[in-house]
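Undergrad: Sharing structure.csv (CSV, C-alpha atoms) below.
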```csv
chain,number,residue,atom,x,y,z
J,1023,MET,CA,96.1,129.8,9.9
J,1024,GLY,CA,96.1,130.9,13.5
J,1025,LYS,CA,94.0,128.1,14.9
J,1026,ARG,CA,96.6,125.5,15.5
J,1027,GLY,CA,96.5,124.3,19.1
J,1028,GLU,CA,93.5,126.5,20.0
J,1029,ARG,CA,91.0,123.7,19.8
J,1030,GLN,CA,90.8,121.6,23.0
J,1031,SER,CA,91.1,118.4,20.9
J,1032,GLU,CA,94.4,119.7,19.5
J,1033,ARG,CA,96.0,120.0,22.9
J,1034,THR,CA,96.0,116.2,23.4
J,1035,LEU,CA,96.5,113.3,21.1
J,1036,VAL,CA,92.8,112.7,20.7
J,1037,CYS,CA,92.9,114.7,17.5
J,1038,VAL,CA,95.0,111.9,16.1
J,1039,ILE,CA,92.2,109.4,16.6
J,1040,GLN,CA,89.6,111.9,15.4
J,1041,ALA,CA,91.5,112.1,12.2
J,1042,LEU,CA,90.7,108.4,11.7
J,1043,MET,CA,87.0,108.8,11.6
J,1044,GLY,CA,85.4,106.6,8.9
J,1045,LEU,CA,88.4,104.3,8.6
J,1046,GLU,CA,88.7,100.7,9.7
J,1047,LEU,CA,90.9,100.2,12.7
J,1048,LEU,CA,91.6,98.0,15.7
J,1049,VAL,CA,91.0,99.2,19.2
J,1050,GLU,CA,92.4,97.4,22.2
J,1051,LEU,CA,90.7,97.9,25.5
J,1052,ARG,CA,92.2,97.9,29.0
J,1053,ASN,CA,90.4,94.7,29.8
J,1054,ASP,CA,92.2,93.0,26.9
J,1055,LEU,CA,89.2,93.1,24.5
J,1056,SER,CA,90.0,94.0,20.9
J,1057,ILE,CA,87.5,95.6,18.6
J,1058,ARG,CA,87.9,95.8,14.9
J,1059,GLY,CA,85.5,98.0,13.0
J,1060,PHE,CA,84.9,101.4,11.4
J,1061,LEU,CA,85.4,104.5,13.6
J,1062,ASP,CA,82.1,106.2,13.4
J,1063,ASP,CA,82.7,108.9,16.0
J,1064,CYS,CA,85.3,110.1,18.5
J,1065,ASP,CA,84.7,112.9,20.9
J,1066,ASN,CA,87.1,115.0,22.9
J,1067,ALA,CA,87.0,112.6,25.8
J,1068,MET,CA,88.1,109.9,23.4
J,1069,ASN,CA,84.8,108.1,23.7
J,1070,VAL,CA,84.4,106.2,20.4
J,1071,ILE,CA,81.6,104.7,18.5
J,1072,ILE,CA,82.6,101.8,16.3
J,1073,LYS,CA,80.4,100.5,13.5
J,1074,ASP,CA,80.2,97.0,12.1
J,1075,ALA,CA,82.5,95.7,14.8
J,1076,MET,CA,84.0,92.4,15.6
J,1077,ILE,CA,84.9,92.0,19.3
J,1078,GLU,CA,87.4,89.4,20.3
J,1079,ASP,CA,88.2,88.5,23.9
J,1080,VAL,CA,91.4,87.1,25.3
J,1081,GLU,CA,90.2,83.6,24.6
J,1082,GLY,CA,89.7,84.3,21.0
J,1083,CYS,CA,85.9,84.2,21.2
J,1084,GLN,CA,84.4,86.6,18.6
J,1085,LYS,CA,81.1,88.4,18.5
J,1086,HIS,CA,79.8,90.7,15.9
J,1087,MET,CA,78.0,93.9,16.9
J,1088,PRO,CA,76.7,96.5,14.6
J,1089,LEU,CA,77.4,99.5,16.9
J,1090,ILE,CA,79.7,99.8,19.9
J,1091,PHE,CA,80.3,102.7,22.2
J,1092,VAL,CA,83.5,102.5,24.2
J,1093,ARG,CA,84.4,104.9,27.0
J,1094,GLY,CA,87.6,106.7,26.3
J,1095,SER,CA,89.2,105.8,29.6
J,1096,ASN,CA,88.8,102.2,28.8
J,1097,ILE,CA,90.9,102.3,25.7
J,1098,ARG,CA,94.5,101.1,25.8
J,1099,PHE,CA,95.5,101.2,22.2
J,1100,VAL,CA,94.2,102.5,18.9
J,1101,HIS,CA,96.0,100.8,16.1
J,1102,ILE,CA,96.4,103.1,13.2
J,1103,PRO,CA,95.9,101.3,9.8
J,1104,ASP,CA,99.1,100.8,7.9
J,1105,ASN,CA,97.9,102.5,4.8
J,1106,VAL,CA,97.1,105.7,6.6
J,1107,ASN,CA,99.4,108.7,6.5
J,1108,ILE,CA,98.5,109.9,10.0
J,1109,MET,CA,100.2,113.3,9.8
J,1110,GLN,CA,98.4,114.1,6.6
J,1111,ALA,CA,95.1,112.9,8.1
J,1112,VAL,CA,95.5,115.1,11.1
J,1113,GLU,CA,96.4,118.1,9.0
J,1114,GLU,CA,93.5,117.6,6.6
J,1115,ARG,CA,91.1,117.4,9.4
J,1116,ARG,CA,92.5,120.5,11.0
J,1117,LEU,CA,92.0,122.4,7.7
J,1118,VAL,CA,88.5,121.1,7.3
J,1119,LEU,CA,87.6,122.4,10.8
J,1120,ASP,CA,89.3,125.8,10.1
J,1121,ARG,CA,87.4,126.3,6.9
J,1122,ALA,CA,84.1,125.3,8.6
J,1123,ALA,CA,84.8,127.8,11.4
J,1124,LEU,CA,85.5,130.5,8.8
J,1125,ALA,CA,82.4,129.6,6.8
J,1126,TYR,CA,80.3,129.6,9.9
J,1127,MET,CA,81.5,133.1,10.8
J,1128,GLY,CA,80.6,134.3,7.4
J,1129,GLY,CA,84.2,134.7,6.3
J,1130,LYS,CA,85.4,134.5,2.8
J,1131,GLY,CA,86.7,130.9,3.2
J,1132,LEU,CA,84.8,128.2,1.3
J,1133,ALA,CA,82.7,125.7,3.2
J,1134,PRO,CA,84.8,122.5,3.1
J,1135,THR,CA,84.2,119.7,0.7
J,1136,PRO,CA,86.6,116.8,0.1
J,1137,LYS,CA,87.1,117.8,-3.5
J,1138,VAL,CA,88.0,121.3,-2.7
J,1139,LEU,CA,90.5,120.1,-0.1
J,1140,GLU,CA,92.4,117.8,-2.4
J,1141,THR,CA,93.1,120.4,-5.0
J,1142,GLN,CA,93.9,123.1,-2.5
J,1143,ILE,CA,96.2,121.4,0.0
J,1144,PRO,CA,99.4,122.2,-1.8
J,1145,ASP,CA,98.5,125.9,-2.1
J,1146,THR,CA,97.4,126.2,1.5
J,1147,ALA,CA,100.6,124.5,2.7
J,1148,ASP,CA,102.6,127.2,0.9
J,1149,ALA,CA,100.4,129.9,2.3
J,1150,ALA,CA,100.8,128.7,5.9
J,1151,ILE,CA,104.5,128.8,5.7
D,919,MET,CA,84.7,106.4,41.5
D,920,ALA,CA,83.4,103.6,39.4
D,921,ARG,CA,81.2,101.6,41.7
D,922,GLY,CA,79.9,98.8,39.4
D,923,LEU,CA,76.5,97.3,39.6
D,924,VAL,CA,74.5,97.9,42.8
D,925,SER,CA,71.2,96.6,43.8
D,926,VAL,CA,68.5,99.0,44.8
D,927,ASN,CA,65.4,98.2,46.8
D,928,GLU,CA,63.6,101.5,47.0
D,929,ARG,CA,61.8,103.5,44.5
D,930,SER,CA,59.8,106.7,44.5
D,931,GLU,CA,56.0,106.9,44.7
D,932,ASP,CA,55.6,107.2,40.9
D,933,GLY,CA,57.4,103.8,40.6
D,934,GLY,CA,60.6,105.3,39.3
D,935,PRO,CA,64.0,105.6,40.9
D,936,PHE,CA,65.0,108.2,43.4
D,937,LEU,CA,67.0,110.8,41.5
D,938,GLU,CA,70.1,112.4,43.1
D,939,THR,CA,69.1,116.0,42.9
D,940,VAL,CA,72.5,117.1,44.1
D,941,ASN,CA,73.8,116.0,40.7
D,942,GLU,CA,70.9,117.5,38.9
D,943,GLU,CA,70.0,114.0,37.8
D,944,ARG,CA,67.2,113.9,35.2
D,945,ILE,CA,65.5,111.0,33.5
D,946,ALA,CA,66.6,110.9,29.8
D,947,HIS,CA,64.6,107.9,28.7
D,948,VAL,CA,62.2,105.3,30.0
D,949,GLN,CA,61.9,102.0,28.3
D,950,PRO,CA,59.2,99.6,29.5
D,951,SER,CA,59.2,95.8,29.1
D,952,VAL,CA,62.9,95.3,29.4
D,953,GLY,CA,64.6,92.2,30.6
D,954,ILE,CA,68.0,92.3,32.3
D,955,VAL,CA,70.7,89.7,32.2
D,956,LEU,CA,73.6,89.9,34.6
D,957,GLY,CA,76.6,87.9,33.6
D,958,GLU,CA,75.6,84.4,32.8
D,959,SER,CA,72.4,84.4,34.9
D,960,PRO,CA,69.0,83.9,33.3
D,961,ALA,CA,67.1,87.0,32.2
D,962,GLU,CA,65.1,88.8,34.8
D,963,GLN,CA,61.9,90.3,33.5
D,964,PRO,CA,59.7,92.1,33.1
D,965,GLY,CA,61.2,95.4,34.2
D,966,THR,CA,61.4,99.0,33.3
D,967,LEU,CA,64.6,100.7,32.3
D,968,TYR,CA,65.2,104.3,33.4
D,969,VAL,CA,68.1,106.0,31.7
D,970,THR,CA,69.1,109.0,33.7
D,971,THR,CA,71.8,111.6,33.1
D,972,ARG,CA,73.9,109.9,35.7
D,973,ARG,CA,72.9,106.2,35.9
D,974,LEU,CA,71.2,103.3,34.4
D,975,VAL,CA,68.4,102.0,36.6
D,976,TRP,CA,66.4,98.8,36.0
D,977,LEU,CA,63.4,98.3,38.3
D,978,SER,CA,61.4,95.1,38.3
D,979,ASP,CA,57.8,95.3,37.4
D,980,GLU,CA,56.9,92.4,39.6
D,981,ASP,CA,58.9,93.0,42.7
D,982,VAL,CA,58.9,96.5,44.0
D,983,HIS,CA,62.0,95.8,46.1
D,984,LYS,CA,64.1,94.5,43.2
D,985,GLY,CA,66.2,96.7,41.0
D,986,TYR,CA,69.7,97.3,39.8
D,987,VAL,CA,71.6,100.5,39.2
D,988,VAL,CA,74.9,101.2,37.5
D,989,ASP,CA,76.5,104.6,37.1
D,990,PHE,CA,77.7,105.7,33.7
D,991,LEU,CA,81.3,106.0,35.0
D,992,SER,CA,81.2,102.2,35.5
D,993,LEU,CA,79.8,101.4,32.0
D,994,THR,CA,83.0,100.9,30.1
D,995,MET,CA,81.2,100.1,26.9
D,996,HIS,CA,77.8,99.4,25.5
D,997,ALA,CA,76.8,97.9,22.2
D,998,ILE,CA,73.9,96.7,20.1
D,999,SER,CA,74.0,93.0,19.9
D,1000,ARG,CA,72.2,91.2,17.1
D,1001,ASP,CA,74.5,88.2,17.0
D,1002,GLU,CA,72.2,85.2,17.8
D,1003,ASP,CA,75.2,83.1,18.8
D,1004,ALA,CA,76.1,85.6,21.5
D,1005,TYR,CA,72.5,85.9,22.7
D,1006,PRO,CA,69.3,84.7,21.2
D,1007,GLN,CA,67.4,88.1,21.3
D,1008,PRO,CA,68.6,91.4,20.1
D,1009,CYS,CA,69.8,93.4,23.1
D,1010,ILE,CA,72.1,96.0,24.4
D,1011,TYR,CA,75.3,94.4,25.6
D,1012,SER,CA,77.4,96.3,28.1
D,1013,GLN,CA,80.4,95.8,30.3
D,1014,ILE,CA,80.7,97.1,33.8
D,1015,ASP,CA,83.9,98.0,35.6
D,1016,GLY,CA,83.2,97.2,39.2
D,1017,GLY,CA,86.2,99.0,40.5
D,1018,GLU,CA,87.1,95.9,42.5
D,1019,ASP,CA,90.4,97.3,43.5
D,1020,GLU,CA,88.6,99.7,45.7
D,1021,ASP,CA,87.7,99.1,49.3
D,1022,GLU,CA,84.8,96.7,49.4
D,1023,GLU,CA,83.6,98.6,52.5
D,1024,TYR,CA,82.7,101.5,50.2
D,1025,GLU,CA,79.9,103.4,51.7
D,1026,GLU,CA,78.1,106.6,50.9
D,1027,ASP,CA,77.7,108.7,54.0
D,1028,GLY,CA,74.2,110.0,53.5
D,1029,THR,CA,75.0,112.1,50.6
D,1030,ASP,CA,72.4,110.4,48.5
D,1031,ASP,CA,68.7,110.2,49.2
D,1032,GLY,CA,68.4,106.5,49.7
D,1033,ALA,CA,68.4,105.4,46.1
D,1034,GLU,CA,71.5,103.2,46.7
D,1035,GLU,CA,71.2,100.4,49.2
D,1036,PRO,CA,73.1,101.2,52.4
D,1037,LEU,CA,75.5,98.5,53.6
D,1038,GLU,CA,73.7,98.1,56.9
D,1039,SER,CA,70.6,96.7,55.1
D,1040,GLU,CA,69.5,93.2,55.6
D,1041,ASN,CA,71.1,92.1,52.3
D,1042,HIS,CA,74.4,91.8,54.0
D,1043,GLY,CA,77.1,92.9,51.6
D,1044,SER,CA,74.9,92.7,48.5
D,1045,VAL,CA,76.9,95.6,47.2
D,1046,GLY,CA,79.9,93.3,47.2
D,1047,ASP,CA,77.7,90.6,45.6
D,1048,PHE,CA,77.1,92.5,42.5
D,1049,SER,CA,80.5,94.2,42.0
D,1050,HIS,CA,81.7,91.1,40.3
D,1051,VAL,CA,79.2,91.5,37.5
D,1052,THR,CA,81.1,92.6,34.5
D,1053,GLU,CA,78.6,91.9,31.7
D,1054,MET,CA,75.0,93.1,31.4
D,1055,ARG,CA,72.4,92.7,28.7
D,1056,LEU,CA,69.3,94.7,28.4
D,1057,VAL,CA,66.7,92.9,26.3
D,1058,PRO,CA,63.7,95.1,25.3
D,1059,ARG,CA,60.6,93.4,24.2
D,1060,ASP,CA,60.5,95.9,21.3
D,1061,ALA,CA,63.7,95.2,19.4
D,1062,SER,CA,63.2,98.2,17.2
D,1063,SER,CA,63.8,100.4,20.1
D,1064,LEU,CA,67.4,99.3,20.3
D,1065,ASP,CA,68.9,101.9,18.0
D,1066,HIS,CA,67.3,104.8,20.0
D,1067,LEU,CA,68.3,103.2,23.3
D,1068,PHE,CA,71.9,102.8,22.1
D,1069,GLN,CA,72.0,106.5,21.2
D,1070,VAL,CA,70.5,107.6,24.5
D,1071,LEU,CA,73.2,105.6,26.3
D,1072,CYS,CA,75.9,107.3,24.2
D,1073,ASP,CA,74.5,110.7,24.9
D,1074,CYS,CA,74.3,110.1,28.6
D,1075,ALA,CA,77.7,108.5,28.8
D,1076,ALA,CA,79.1,111.6,27.2
D,1077,LEU,CA,77.5,113.6,30.0
D,1078,ASN,CA,79.6,111.8,32.5
D,1079,PRO,CA,83.3,112.4,31.8
D,1080,ASP,CA,85.9,110.9,34.0
D,1081,PRO,CA,87.0,113.2,36.8
D,1082,GLU,CA,90.5,114.7,36.2
D,1083,GLY,CA,93.4,112.7,37.4
D,1084,GLU,CA,91.6,109.4,37.5
D,1085,GLN,CA,93.5,107.9,34.6
D,1086,GLU,CA,95.8,105.1,35.4
D,1087,GLY,CA,99.0,104.8,33.5
D,1088,GLU,CA,98.6,108.3,32.0
D,1089,GLY,CA,101.8,109.5,30.5
D,1090,ASP,CA,103.3,106.1,29.7
D,1091,TRP,CA,105.0,106.3,26.3
D,1092,PHE,CA,105.6,103.5,24.0
D,1093,PHE,CA,108.0,104.1,21.2
D,1094,ASN,CA,107.6,101.3,18.7
D,1095,GLU,CA,105.2,98.5,17.8
D,1096,ASP,CA,107.6,95.8,18.7
D,1097,GLU,CA,107.6,97.0,22.3
D,1098,VAL,CA,103.9,97.0,22.3
D,1099,MET,CA,103.4,93.7,20.7
D,1100,SER,CA,105.9,91.9,22.8
D,1101,ASN,CA,104.0,93.1,25.8
D,1102,VAL,CA,107.1,93.3,27.8
D,1103,ILE,CA,107.6,97.0,28.3
D,1104,GLY,CA,111.3,97.8,28.4
D,1105,GLY,CA,112.2,94.1,27.7
D,1106,ASP,CA,115.2,95.1,25.7
D,1107,ARG,CA,116.2,97.6,28.2
D,1108,ALA,CA,116.1,95.0,31.0
D,1109,ASN,CA,119.0,93.3,29.3
D,1110,ASN,CA,120.9,96.6,29.4
D,1111,HIS,CA,120.2,96.9,33.1
D,1112,VAL,CA,121.6,93.5,33.7
D,1113,ASP,CA,124.8,94.4,31.9
D,1114,LEU,CA,125.1,97.6,33.8
D,1115,ALA,CA,124.7,95.7,37.1
D,1116,GLU,CA,127.4,93.3,36.2
D,1117,LEU,CA,129.6,96.2,35.2
D,1118,LEU,CA,129.1,97.8,38.6
D,1119,MET,CA,129.8,94.6,40.4
D,1120,GLN,CA,133.2,94.2,38.8
D,1121,ASP,CA,134.3,97.8,39.2
D,1122,PRO,CA,136.8,97.9,42.1
D,1123,ARG,CA,135.8,101.4,42.9
D,1124,PHE,CA,132.6,100.1,44.3
D,1125,GLU,CA,134.2,97.6,46.6
D,1126,ASP,CA,133.8,98.2,50.3
D,1127,ALA,CA,136.7,99.9,51.9
D,1128,ASP,CA,139.2,97.6,53.7
D,1129,GLU,CA,138.9,98.2,57.4
D,1130,GLU,CA,142.6,97.6,58.0
D,1131,GLU,CA,143.5,100.8,56.3
D,1132,SER,CA,143.5,103.6,58.7
D,1133,GLY,CA,143.8,107.2,57.6
D,1134,THR,CA,147.1,108.7,58.0
```
Starting from the file, give its structure as structure tokens.
TA:
Amino acid sequence: MGKRGERQSERTLVCVIQALMGLELLVELRNDLSIRGFLDDCDNAMNVIIKDAMIEDVEGCQKHMPLIFVRGSNIRFVHIPDNVNIMQAVEERRLVLDRAALAYMGGKGLAPTPKVLETQIPDTADAAI
Amino acid sequence: MARGLVSVNERSEDGGPFLETVNEERIAHVQPSVGIVLGESPAEQPGTLYVTTRRLVWLSDEDVHKGYVVDFLSLTMHAISRDEDAYPQPCIYSQIDGGEDEDEEYEEDGTDDGAEEPLESENHGSVGDFSHVTEMRLVPRDASSLDHLFQVLCDCAALNPDPEGEQEGEGDWFFNEDEVMSNVIGGDRANNHVDLAELLMQDPRFEDADEEESGT
């Protein structure tokens, strides 16, 4: 596939965080707040929306918020969950985007669905090499 | 560029805020009957919230000279809060970065059209007075509007990306979790540096030359 690195998001590490969409993670902000919740969205500026979140401040005081938007520049760390294979997640997301782009352009590629992806990853990996 | 919360005492004839046409600022959403809570202060209400493509403006319904404005670059986060322990009414909770490390004498030289309060006004240094505000809550009388208001704030925040090169600490690399969690960046390496210094101290090659020796 020729699209590696052509997307703006793939030129920075934001694509790593975008690969974590839908998963539960911990975000630490530059003002020492930590937010644990499900990553609902992440844009190319690394602005994130976290769902069902628990915010904890330096004093340990916790508040629950159903939806939080955090400005990307305010993020210090995004803790990747231990059970996530991040390289695979990034690669899977890239494939989904490639197929979506192909489908959108009326190409012969299939529109992406998670089931299709699971069975086809080994084949595609071979083809790419 | 983040300026934090600023008070505003002027408004246009239609009751809304002055828009900065140089930035093509437009009003994205108007929410009436909104209270505003700055930090730990009591709620100020009633007021009207104007969400523009650049800033968040709250104007008091009762006092035409009272209002607050914060630009989206300063809004580091916003959230829907329904936790009654945090605040009794459902509201939008947000944090403001006042940019306090910047010069407090910050002044816009007539590039705006008067929407921001100039420092020479009678509210001596009120710009400084509000830059310490780091938490703000917006409490609409209609709690069902919170979801839409949250989304509008997300959309408008996304319209205001940080200018290039404003990131602090960009390019710092951390290599492992221990380093991160111990919060002492290079803590292990500091020990190495100490050893190296000791090594240098003891090496005779680095001793000062004896002055008695004269070149022959």
Undergrad: Just checking: using all atoms listed in the file, which residue out of J:Tyr1126, J:Phe1091, J:Phe1060, J:Phe1099 ends up closest to chain D?
TA: J:Phe1091
Undergrad: What residues in chain J lie within 10 Å of chain D, counting all atoms listed in the file, written as a ChimeraX atom specification?
TA: /J:1051-1053,1065-1073,1075,1083-1099,1101
Undergrad: Measuring atom to atom with all atoms listed in the file, identify which of D:Lys984, D:Arg1123, D:His1050, D:His947 is nearest to D:Ser1063.
TA: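 The closest residue to D:Ser1063 is D:His947.
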Undergrad: Which value, in Å to one decimal, gives the distance between atom CA of J:Met1076 and atom CA of J:Met1043?
TA: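 Interatomic distance here is 17.1 Å.
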Undergrad: What's around stretch 981-983 of chain D at 8 Å? Count all atoms listed in the file, leave out sequence neighbours fewer than 4 positions away in its own chain, and write the answer as a PyMOL selection string.
TA: chain D and resi 926-929+977
Undergrad: Which value, in Å to one decimal, gives the distance between atom CA of D:Arg972 and atom CA of J:Val1049?
TA: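 Computed distance, atom CA of D:Arg972 to atom CA of J:Val1049, equals 26.1 Å.
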Undergrad: If you measure from atom CA of D:Val948 to atom CA of D:Met1054, what distance in Å do you get, rounded to one decimal?
TA: 17.7 Å
